[in-house]
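A.B. asks: Provided below: entry13.txt, containing compact mmCIF, C-alpha atoms.
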```txt
# COMPACT_ATOMS: atom_id res chain seq x y z
CA MET K 8 128.21 46.30 20.55
CA ARG K 9 128.00 50.03 21.33
CA ARG K 10 131.58 50.91 20.39
CA ILE K 11 132.00 53.31 17.48
CA ASN K 12 132.40 51.47 14.21
CA PHE K 13 135.34 53.13 12.43
CA GLY K 14 135.76 50.34 9.88
CA LEU K 15 139.41 49.37 9.40
CA SER K 16 140.77 51.98 11.82
CA SER K 17 139.95 55.28 13.51
CA ALA K 18 142.79 56.66 11.34
CA CYS K 19 140.40 56.34 8.40
CA ASP K 20 138.08 59.05 9.76
CA PHE K 21 139.40 62.37 8.45
CA ILE K 22 136.95 64.62 10.32
CA SER K 23 139.72 66.22 12.38
CA ARG K 24 142.65 65.62 10.02
CA GLN K 25 143.99 67.17 6.86
CA PRO K 26 142.61 65.72 3.61
CA PRO K 27 144.58 62.61 2.60
CA GLN K 28 147.22 62.69 -0.12
CA ASP K 29 147.21 58.90 -0.42
CA ILE K 30 145.52 55.97 1.29
CA PRO K 31 147.06 55.45 4.76
CA GLU K 32 148.36 51.95 5.40
CA PRO K 33 145.81 51.22 8.19
CA CYS K 34 143.05 52.09 5.72
CA GLN K 35 143.60 49.31 3.21
CA SER K 36 143.31 45.57 3.75
CA SER K 37 145.80 44.68 1.02
CA LYS K 38 148.66 46.38 -0.81
CA LYS K 39 146.63 46.66 -4.00
CA PRO K 40 142.97 46.90 -2.98
CA GLU K 41 140.44 46.51 -5.76
CA MET K 42 137.54 48.31 -4.02
CA LEU K 43 137.31 51.71 -2.34
CA VAL K 44 134.65 52.50 0.27
CA TRP K 45 134.03 56.28 0.22
CA GLY K 46 131.64 58.29 2.38
CA ASP K 47 130.91 59.14 5.99
CA SER K 48 130.36 57.16 9.20
CA PHE K 49 127.70 55.01 7.51
CA ALA K 50 130.31 54.01 4.93
CA MET K 51 132.73 53.21 7.77
CA ALA K 52 130.16 50.85 9.27
CA LEU K 53 130.06 48.76 6.08
CA VAL K 54 133.79 48.11 6.09
CA PRO K 55 134.15 45.38 8.76
CA GLY K 56 131.82 43.09 6.85
CA LEU K 57 133.26 43.92 3.45
CA SER K 58 136.89 43.55 4.57
CA GLU K 59 136.17 40.17 6.14
CA THR K 60 134.45 38.79 3.04
CA ILE K 61 136.31 40.39 0.12
CA GLY K 62 139.24 38.00 0.33
CA LYS K 63 142.57 38.65 -1.41
CA ALA K 64 141.12 41.40 -3.59
CA GLY K 65 141.17 43.72 -0.60
CA LEU K 66 139.55 47.08 -0.03
CA ALA K 67 140.52 50.61 0.90
CA GLN K 68 138.61 53.07 3.06
CA LEU K 69 138.56 56.86 2.77
CA THR K 70 135.88 58.33 5.01
CA MET K 71 134.99 61.48 6.92
CA SER K 72 132.23 61.56 9.54
CA GLY K 73 129.28 63.69 8.50
CA CYS K 74 130.71 64.36 5.03
CA LEU K 75 128.31 63.72 2.15
CA PRO K 76 130.06 61.89 -0.72
CA ALA K 77 129.55 64.55 -3.37
CA ILE K 78 131.61 67.01 -5.39
CA GLY K 79 131.40 70.72 -4.66
CA VAL K 80 128.64 70.54 -2.03
CA ALA K 81 128.30 69.72 1.68
CA ALA K 82 125.56 69.70 4.29
CA ILE K 83 126.12 71.95 7.32
CA THR K 84 123.95 72.68 10.34
CA LYS K 85 121.97 75.88 10.74
CA ILE K 86 122.51 76.05 14.50
CA SER K 87 125.86 77.16 15.95
CA PRO K 88 128.02 75.91 17.58
CA SER K 89 128.05 72.56 15.83
CA PRO K 90 130.69 70.10 14.60
CA TYR K 91 129.09 70.48 11.15
CA SER K 92 129.83 74.18 10.74
CA ARG K 93 130.64 76.14 7.60
CA ALA K 94 134.33 75.42 8.20
CA PHE K 95 133.51 71.72 8.40
CA GLY K 96 131.61 71.98 5.10
CA GLU K 97 134.62 73.52 3.36
CA ARG K 98 136.87 70.74 4.76
CA CYS K 99 134.35 68.12 3.57
CA ILE K 100 134.42 69.51 0.03
CA ARG K 101 138.23 69.50 0.05
CA PHE K 102 138.24 65.94 1.43
CA ASN K 103 136.13 64.68 -1.46
CA ASP K 104 138.40 66.50 -3.92
CA SER K 105 141.38 64.73 -2.37
CA VAL K 106 139.77 61.30 -2.60
CA LEU K 107 139.11 61.89 -6.29
CA SER K 108 142.76 62.90 -6.79
CA ILE K 109 143.92 59.74 -5.03
CA LEU K 110 141.68 57.59 -7.21
CA GLU K 111 143.22 59.11 -10.31
CA LYS K 112 146.60 57.67 -9.25
CA ARG K 113 145.35 54.25 -8.09
CA ASN K 114 144.97 51.90 -11.04
CA ASP K 115 144.47 48.95 -8.66
CA ILE K 116 141.07 50.24 -7.52
CA GLY K 117 138.38 49.33 -10.03
CA THR K 118 135.18 49.55 -7.96
CA VAL K 119 134.05 52.45 -5.77
CA ALA K 120 131.22 52.02 -3.26
CA ILE K 121 129.83 55.23 -1.77
CA SER K 122 127.53 55.36 1.23
CA SER K 123 125.92 57.81 3.65
CA PRO K 124 122.61 58.25 5.49
CA PHE K 125 121.84 60.80 2.74
CA ASP K 126 119.47 62.56 5.14
CA ALA K 127 121.19 65.87 5.99
CA PRO K 128 120.70 67.53 2.57
CA VAL K 129 116.92 67.16 2.91
CA SER K 130 116.65 67.96 6.64
CA ALA K 131 115.25 71.26 7.90
CA ASP K 132 118.06 71.32 10.49
CA PHE K 133 120.70 71.62 7.78
CA LYS K 134 121.59 73.88 4.89
CA MET K 135 123.73 73.34 1.82
CA LEU K 136 127.19 74.77 1.24
CA THR K 137 128.01 74.96 -2.47
CA ARG K 138 131.31 75.85 -4.10
CA THR K 139 130.97 78.38 -6.92
CA LYS K 140 133.48 80.31 -9.01
CA ASP K 141 133.02 83.19 -6.56
CA GLY K 142 133.52 81.10 -3.40
CA PHE K 143 131.28 79.15 -1.04
CA VAL K 144 127.56 79.94 -0.94
CA ASP K 145 124.92 78.89 1.63
CA SER K 146 121.44 77.79 0.61
CA GLU K 147 118.43 76.03 2.07
CA PRO K 148 118.42 72.21 2.17
CA SER K 149 117.97 71.00 -1.37
CA LEU K 150 117.37 67.61 -2.86
CA ASP K 151 118.36 68.88 -6.29
CA ILE K 152 121.69 70.36 -5.15
CA ALA K 153 122.55 67.15 -3.30
CA VAL K 154 121.61 64.95 -6.26
CA ASP K 155 123.70 67.09 -8.61
CA GLY K 156 126.69 66.89 -6.26
CA ILE K 157 126.46 63.11 -5.91
CA LYS K 158 126.02 62.74 -9.67
CA ALA K 159 129.11 64.91 -10.21
CA LEU K 160 131.09 62.54 -7.99
CA ILE K 161 129.82 59.47 -9.85
CA ASP K 162 130.57 61.04 -13.24
CA ALA K 163 134.07 62.04 -12.11
CA VAL K 164 134.87 58.52 -10.84
CA ARG K 165 133.62 56.97 -14.07
CA SER K 166 135.75 59.36 -16.09
CA LEU K 167 138.75 57.69 -14.42
CA GLY K 168 137.67 54.32 -15.83
CA LYS K 169 136.23 53.01 -12.56
CA ARG K 170 132.80 51.61 -11.74
CA VAL K 171 130.52 53.00 -9.03
CA VAL K 172 127.74 51.66 -6.81
CA VAL K 173 125.75 53.43 -4.07
CA VAL K 174 124.90 51.69 -0.80
CA ALA K 175 121.72 52.94 0.87
CA PRO K 176 121.65 53.31 4.67
CA PRO K 177 120.03 50.47 6.64
CA PRO K 178 116.44 50.94 7.84
CA VAL K 179 116.09 53.14 10.91
CA GLY K 180 113.44 53.84 13.52
CA ASN K 181 112.64 56.80 15.72
CA PHE K 182 114.52 55.31 18.67
CA ASP K 183 118.03 54.27 19.70
CA ILE K 184 118.12 50.70 18.40
CA GLY K 185 121.47 49.88 20.01
CA ASP K 186 120.30 51.03 23.45
CA CYS K 187 117.07 49.05 23.08
CA LEU K 188 119.01 45.88 22.21
CA LYS K 189 121.39 46.44 25.13
CA ARG K 190 118.45 46.81 27.55
CA LYS K 191 116.82 43.73 26.07
CA THR K 192 120.00 41.70 26.67
CA ARG K 193 120.15 42.85 30.30
CA GLY K 194 116.54 41.91 30.85
CA SER K 195 115.53 45.51 31.51
CA LEU K 196 111.87 46.43 31.18
CA ILE K 197 111.15 48.05 27.81
CA LEU K 198 107.80 49.78 27.42
CA GLY K 199 106.09 51.37 24.45
CA PRO K 200 105.89 50.60 20.72
CA TYR K 201 109.55 49.58 20.47
CA SER K 202 109.53 46.94 23.20
CA ASN K 203 110.65 44.27 20.71
CA CYS K 204 113.41 46.58 19.33
CA LYS K 205 112.09 46.09 15.79
CA ILE K 206 111.67 48.92 13.30
CA SER K 207 108.22 49.74 11.97
CA LEU K 208 108.46 49.55 8.18
CA SER K 209 105.76 52.19 7.62
CA GLU K 210 107.35 54.55 10.17
CA TYR K 211 110.76 54.11 8.57
CA ARG K 212 109.48 54.81 5.07
CA GLN K 213 107.53 57.84 6.25
CA SER K 214 110.37 59.38 8.28
CA ARG K 215 112.94 58.76 5.53
CA ALA K 216 110.69 59.55 2.55
CA ARG K 217 112.89 62.46 1.41
CA THR K 218 116.06 60.36 1.65
CA LEU K 219 114.45 57.56 -0.33
CA GLU K 220 113.39 60.09 -2.97
CA LEU K 221 116.92 61.51 -3.09
CA LEU K 222 118.33 58.03 -3.73
CA ASN K 223 115.73 57.39 -6.39
CA GLN K 224 116.71 60.62 -8.16
CA VAL K 225 120.42 59.75 -7.91
CA SER K 226 119.70 56.35 -9.45
CA LEU K 227 117.79 57.90 -12.36
CA LYS K 228 120.01 60.91 -13.09
CA ALA K 229 123.38 59.20 -12.57
CA ASP K 230 122.34 55.81 -13.96
CA VAL K 231 123.72 54.10 -10.85
CA GLU K 232 122.55 51.06 -8.90
CA ILE K 233 121.37 51.61 -5.32
CA VAL K 234 122.07 48.56 -3.16
CA SER K 235 119.64 48.43 -0.23
CA PHE K 236 119.25 46.11 2.76
CA ASP K 237 115.50 46.70 3.00
CA ASP K 238 114.44 43.48 1.26
CA PHE K 239 116.81 41.44 3.43
CA LEU K 240 115.90 43.02 6.77
CA CYS K 241 112.22 43.91 6.33
CA ASP K 242 108.99 42.03 5.83
CA GLY K 243 105.59 43.62 5.28
CA MET K 244 105.44 45.14 8.76
CA THR K 245 108.81 45.40 10.50
CA CYS K 246 112.56 45.36 9.95
CA ARG K 247 114.88 43.12 11.95
CA THR K 248 117.55 44.59 14.22
CA GLU K 249 119.15 41.29 15.25
CA ILE K 250 119.90 38.02 13.46
CA ASP K 251 120.85 34.75 15.16
CA GLY K 252 121.65 36.59 18.37
CA LYS K 253 123.85 39.16 16.61
CA PHE K 254 122.84 42.78 17.21
CA LEU K 255 122.94 44.65 13.90
CA TYR K 256 122.97 48.24 15.17
CA ARG K 257 125.22 50.11 17.59
CA ASP K 258 122.94 53.17 17.90
CA SER K 259 119.95 54.66 16.08
CA GLY K 260 121.31 53.95 12.61
CA HIS K 261 124.93 52.77 12.35
CA LEU K 262 125.70 49.08 11.97
CA SER K 263 127.71 47.46 14.75
CA TYR K 264 130.88 45.54 13.93
CA ALA K 265 129.01 42.24 14.35
CA GLY K 266 126.04 43.59 12.38
CA SER K 267 128.26 44.67 9.50
CA VAL K 268 129.84 41.21 9.26
CA THR K 269 126.52 39.37 9.62
CA ILE K 270 124.82 41.39 6.87
CA ALA K 271 127.83 41.21 4.53
CA ARG K 272 127.98 37.44 4.86
CA GLN K 273 124.30 36.70 4.60
CA THR K 274 123.62 39.07 1.70
CA LYS K 275 126.89 38.25 -0.14
CA LEU K 276 127.44 41.99 -0.13
CA VAL K 277 130.81 42.02 -1.88
CA GLU K 278 129.41 40.07 -4.83
CA ARG K 279 126.33 42.31 -4.90
CA LEU K 280 128.39 45.49 -5.02
CA ILE K 281 130.76 44.25 -7.70
CA GLY K 282 127.85 42.96 -9.77
CA ALA K 283 125.84 46.18 -9.42
CA ALA K 284 128.70 48.64 -10.02
CA ARG K 285 128.78 50.39 -13.37
```
Using the file provided, produce a representation of the structure as structure tokens.

C.D. replies:
Amino acid sequence: MRRINFGLSSACDFISRQPPQDIPEPCQSSKKPEMLVWGDSFAMALVPGLSETIGKAGLAQLTMSGCLPAIGVAAITKISPSPYSRAFGERCIRFNDSVLSILEKRNDIGTVAISSPFDAPVSADFKMLTRTKDGFVDSEPSLDIAVDGIKALIDAVRSLGKRVVVVAPPPVGNFDIGDCLKRKTRGSLILGPYSNCKISLSEYRQSRARTLELLNQVSLKADVEIVSFDDFLCDGMTCRTEIDGKFLYRDSGHLSYAGSVTIARQTKLVERLIGAAR
């Protein structure tokens, strides 16, 4: 349950590779996939469930850990050294350019689902890297810059005659959910407010208020549907982290392989994404 969820294959994470020129064979579940999953590690985590439930239509995956799905902007850390350096930000921007170029050549793909935690652009630990006509420019974290970059991606995809939908990250808590579930399984003593490994709904909404606002602004400005798991996982007080004995999370926020499949099946996620895309 704790293994890294790469989706179809670790070959589909381009964090340490050159930007793709086409979709690698391990990164598509059929020869002519009808859906593309685009984003970072949170997008990767959706793929096991989607690929298992999409049937013959098939899907493709183009993802890069830590890389915001946006055009011309990236989130990079303020502190050095870090894997999310300025050089990483430039590679992220080029990666997204490459995905757009691939889409232009792939008439089989009609639906694009983008996903991310969408938290870095509004975090005080990060700053924004923006491409301008004079080169790359650093700025403070900015909701507006991030929204504009995501909107630019959505507009560019639609200009190719394809439909887009945004998948919000699953609810998170201020603890390692995967570790808590592992300890619970082993019968280890768990003390404190997270002893049941559930997420406090109020704590989640408070800690992710800026992310939720970013998604709301993306929805309004880009006229795009945001598909969320909140209604499925949360009641008035808490959000579930396991269903029918299946642990949904592998760490503090990413879905596990089993969690991805469980949620995709029970929410009919493929149908939801296709129905919401526009």

A.B. asks: Here is a test: counting all atoms listed in the file, which residue of K:Val164, K:Ala82, K:Ile152, K:Ile184 is nearest to Ala127 in chain K?

C.D. replies: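 Residue with the minimum atom-to-atom distance to Ala127 in chain K: K:Ala82.
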
A.B. asks: With only C-alpha atoms as the atoms that count, which of K:Val106, K:Leu219, K:Val231, K:Leu57 lies nearest to Ile270 in chain K?

C.D. replies: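 Result for the nearest residue to Ile270 in chain K: K:Leu57.
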
A.B. asks: Of the residues K:Phe125, K:Phe95, K:Phe143, K:Phe182, which is the one nearest to Ser48 in chain K, using all atoms listed in the file?

C.D. replies: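 Closest candidate: K:Phe125.
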
A.B. asks: Skip Pro178 in chain K itself and residues of its chain fewer than 4 positions away, then list as number ranges by chain all residues within 12 Å of it, counting all atoms listed in the file.

C.D. replies: K: 49, 124, 182, 184, 205-216, 218-219, 235-242, 245-248, 255-256, 259-262

A.B. asks: Just give me the residues with any atom within 12 Å of (123.6, 55.6, -5.8), file coordinates, counting all atoms listed in the file, written as a short mmCIF file (atom, residue, chain, number, x, y, z; two decimals) with C-alpha atoms, keeping the file's coordinate frame.

C.D. replies:
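Below is the file result39.cif, written as the result:
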```
data_model
loop_
_atom_site.label_atom_id
_atom_site.label_comp_id
_atom_site.auth_asym_id
_atom_site.auth_seq_id
_atom_site.Cartn_x
_atom_site.Cartn_y
_atom_site.Cartn_z
CA GLY K 46 131.64 58.29 2.38
CA PRO K 76 130.06 61.89 -0.72
CA ALA K 77 129.55 64.55 -3.37
CA VAL K 119 134.05 52.45 -5.77
CA ALA K 120 131.22 52.02 -3.26
CA ILE K 121 129.83 55.23 -1.77
CA SER K 122 127.53 55.36 1.23
CA SER K 123 125.92 57.81 3.65
CA PRO K 124 122.61 58.25 5.49
CA PHE K 125 121.84 60.80 2.74
CA ALA K 153 122.55 67.15 -3.30
CA VAL K 154 121.61 64.95 -6.26
CA ASP K 155 123.70 67.09 -8.61
CA GLY K 156 126.69 66.89 -6.26
CA ILE K 157 126.46 63.11 -5.91
CA LYS K 158 126.02 62.74 -9.67
CA ALA K 159 129.11 64.91 -10.21
CA LEU K 160 131.09 62.54 -7.99
CA ILE K 161 129.82 59.47 -9.85
CA ASP K 162 130.57 61.04 -13.24
CA ARG K 170 132.80 51.61 -11.74
CA VAL K 171 130.52 53.00 -9.03
CA VAL K 172 127.74 51.66 -6.81
CA VAL K 173 125.75 53.43 -4.07
CA VAL K 174 124.90 51.69 -0.80
CA ALA K 175 121.72 52.94 0.87
CA PRO K 176 121.65 53.31 4.67
CA THR K 218 116.06 60.36 1.65
CA LEU K 219 114.45 57.56 -0.33
CA GLU K 220 113.39 60.09 -2.97
CA LEU K 221 116.92 61.51 -3.09
CA LEU K 222 118.33 58.03 -3.73
CA ASN K 223 115.73 57.39 -6.39
CA GLN K 224 116.71 60.62 -8.16
CA VAL K 225 120.42 59.75 -7.91
CA SER K 226 119.70 56.35 -9.45
CA LEU K 227 117.79 57.90 -12.36
CA LYS K 228 120.01 60.91 -13.09
CA ALA K 229 123.38 59.20 -12.57
CA ASP K 230 122.34 55.81 -13.96
CA VAL K 231 123.72 54.10 -10.85
CA GLU K 232 122.55 51.06 -8.90
CA ILE K 233 121.37 51.61 -5.32
CA VAL K 234 122.07 48.56 -3.16
CA SER K 235 119.64 48.43 -0.23
CA LEU K 280 128.39 45.49 -5.02
CA ALA K 283 125.84 46.18 -9.42
CA ALA K 284 128.70 48.64 -10.02
CA ARG K 285 128.78 50.39 -13.37
#
```

A.B. asks: Once N, CA and C atoms are restored for range 66-102 of chain K, what would the output be as an mmCIF file, keeping the file's coordinate frame?

C.D. replies:
```cif
data_model
loop_
_atom_site.group_PDB
_atom_site.id
_atom_site.type_symbol
_atom_site.label_atom_id
_atom_site.label_comp_id
_atom_site.auth_asym_id
_atom_site.auth_seq_id
_atom_site.Cartn_x
_atom_site.Cartn_y
_atom_site.Cartn_z
ATOM 1 N N LEU K 66 140.258 45.807 0.136
ATOM 2 C CA LEU K 66 139.550 47.080 -0.030
ATOM 3 C C LEU K 66 140.316 48.190 0.652
ATOM 4 N N ALA K 67 139.987 49.408 0.269
ATOM 5 C CA ALA K 67 140.520 50.610 0.900
ATOM 6 C C ALA K 67 139.357 51.427 1.432
ATOM 7 N N GLN K 68 139.645 52.256 2.424
ATOM 8 C CA GLN K 68 138.610 53.070 3.060
ATOM 9 C C GLN K 68 139.087 54.510 3.167
ATOM 10 N N LEU K 69 138.316 55.430 2.601
ATOM 11 C CA LEU K 69 138.560 56.860 2.770
ATOM 12 C C LEU K 69 137.234 57.487 3.183
ATOM 13 N N THR K 70 137.152 57.904 4.431
ATOM 14 C CA THR K 70 135.880 58.330 5.010
ATOM 15 C C THR K 70 136.065 59.546 5.910
ATOM 16 N N MET K 71 134.987 60.309 6.049
ATOM 17 C CA MET K 71 134.990 61.480 6.920
ATOM 18 C C MET K 71 133.601 61.605 7.537
ATOM 19 N N SER K 72 133.527 61.507 8.840
ATOM 20 C CA SER K 72 132.230 61.560 9.540
ATOM 21 C C SER K 72 131.437 62.785 9.139
ATOM 22 N N GLY K 73 130.168 62.578 8.811
ATOM 23 C CA GLY K 73 129.280 63.690 8.500
ATOM 24 C C GLY K 73 129.442 64.284 7.117
ATOM 25 N N CYS K 74 130.382 63.750 6.323
ATOM 26 C CA CYS K 74 130.710 64.360 5.030
ATOM 27 C C CYS K 74 130.010 63.620 3.900
ATOM 28 N N LEU K 75 129.055 64.291 3.270
ATOM 29 C CA LEU K 75 128.310 63.720 2.150
ATOM 30 C C LEU K 75 129.256 63.404 1.003
ATOM 31 N N PRO K 76 129.231 62.177 0.455
ATOM 32 C CA PRO K 76 130.060 61.890 -0.720
ATOM 33 C C PRO K 76 129.484 62.571 -1.958
ATOM 34 N N ALA K 77 130.026 63.726 -2.261
ATOM 35 C CA ALA K 77 129.550 64.550 -3.370
ATOM 36 C C ALA K 77 130.678 65.495 -3.763
ATOM 37 N N ILE K 78 130.592 66.068 -4.935
ATOM 38 C CA ILE K 78 131.610 67.010 -5.390
ATOM 39 C C ILE K 78 131.044 68.423 -5.358
ATOM 40 N N GLY K 79 131.749 69.298 -4.656
ATOM 41 C CA GLY K 79 131.400 70.720 -4.660
ATOM 42 C C GLY K 79 130.281 71.127 -3.738
ATOM 43 N N VAL K 80 129.718 70.185 -2.958
ATOM 44 C CA VAL K 80 128.640 70.540 -2.030
ATOM 45 C C VAL K 80 128.828 69.793 -0.708
ATOM 46 N N ALA K 81 128.277 70.359 0.361
ATOM 47 C CA ALA K 81 128.300 69.720 1.680
ATOM 48 C C ALA K 81 127.078 70.170 2.449
ATOM 49 N N ALA K 82 126.669 69.350 3.409
ATOM 50 C CA ALA K 82 125.560 69.700 4.290
ATOM 51 C C ALA K 82 126.122 70.200 5.612
ATOM 52 N N ILE K 83 125.656 71.367 6.058
ATOM 53 C CA ILE K 83 126.120 71.950 7.320
ATOM 54 C C ILE K 83 124.897 72.332 8.158
ATOM 55 N N THR K 84 125.082 72.374 9.467
ATOM 56 C CA THR K 84 123.950 72.680 10.340
ATOM 57 C C THR K 84 123.654 74.169 10.377
ATOM 58 N N LYS K 85 122.386 74.482 10.631
ATOM 59 C CA LYS K 85 121.970 75.880 10.740
ATOM 60 C C LYS K 85 122.314 76.455 12.103
ATOM 61 N N ILE K 86 122.317 75.591 13.123
ATOM 62 C CA ILE K 86 122.510 76.050 14.500
ATOM 63 C C ILE K 86 123.998 76.026 14.842
ATOM 64 N N SER K 87 124.476 77.075 15.513
ATOM 65 C CA SER K 87 125.860 77.160 15.950
ATOM 66 C C SER K 87 125.898 77.240 17.480
ATOM 67 N N PRO K 88 126.901 76.662 18.155
ATOM 68 C CA PRO K 88 128.020 75.910 17.580
ATOM 69 C C PRO K 88 127.602 74.481 17.213
ATOM 70 N N SER K 89 128.327 73.913 16.289
ATOM 71 C CA SER K 89 128.050 72.560 15.830
ATOM 72 C C SER K 89 129.308 71.998 15.197
ATOM 73 N N PRO K 90 129.524 70.681 15.297
ATOM 74 C CA PRO K 90 130.690 70.100 14.600
ATOM 75 C C PRO K 90 130.548 70.193 13.086
ATOM 76 N N TYR K 91 129.316 70.413 12.591
ATOM 77 C CA TYR K 91 129.090 70.480 11.150
ATOM 78 C C TYR K 91 128.869 71.925 10.713
ATOM 79 N N SER K 92 129.870 72.742 11.005
ATOM 80 C CA SER K 92 129.830 74.180 10.740
ATOM 81 C C SER K 92 130.201 74.461 9.285
ATOM 82 N N ARG K 93 130.217 75.739 8.948
ATOM 83 C CA ARG K 93 130.640 76.140 7.600
ATOM 84 C C ARG K 93 132.081 75.706 7.338
ATOM 85 N N ALA K 94 132.940 75.845 8.354
ATOM 86 C CA ALA K 94 134.330 75.420 8.200
ATOM 87 C C ALA K 94 134.410 73.922 7.943
ATOM 88 N N PHE K 95 133.561 73.162 8.650
ATOM 89 C CA PHE K 95 133.510 71.720 8.400
ATOM 90 C C PHE K 95 133.096 71.455 6.948
ATOM 91 N N GLY K 96 132.085 72.183 6.463
ATOM 92 C CA GLY K 96 131.610 71.980 5.100
ATOM 93 C C GLY K 96 132.708 72.210 4.071
ATOM 94 N N GLU K 97 133.519 73.255 4.282
ATOM 95 C CA GLU K 97 134.620 73.520 3.360
ATOM 96 C C GLU K 97 135.650 72.390 3.412
ATOM 97 N N ARG K 98 135.928 71.863 4.631
ATOM 98 C CA ARG K 98 136.870 70.740 4.760
ATOM 99 C C ARG K 98 136.307 69.494 4.086
ATOM 100 N N CYS K 99 134.999 69.281 4.192
ATOM 101 C CA CYS K 99 134.350 68.120 3.570
ATOM 102 C C CYS K 99 134.507 68.181 2.045
ATOM 103 N N ILE K 100 134.284 69.359 1.481
ATOM 104 C CA ILE K 100 134.420 69.510 0.030
ATOM 105 C C ILE K 100 135.857 69.246 -0.404
ATOM 106 N N ARG K 101 136.820 69.744 0.376
ATOM 107 C CA ARG K 101 138.230 69.500 0.050
ATOM 108 C C ARG K 101 138.586 68.020 0.215
ATOM 109 N N PHE K 102 137.998 67.379 1.225
ATOM 110 C CA PHE K 102 138.240 65.940 1.430
ATOM 111 C C PHE K 102 137.811 65.151 0.200
#
```
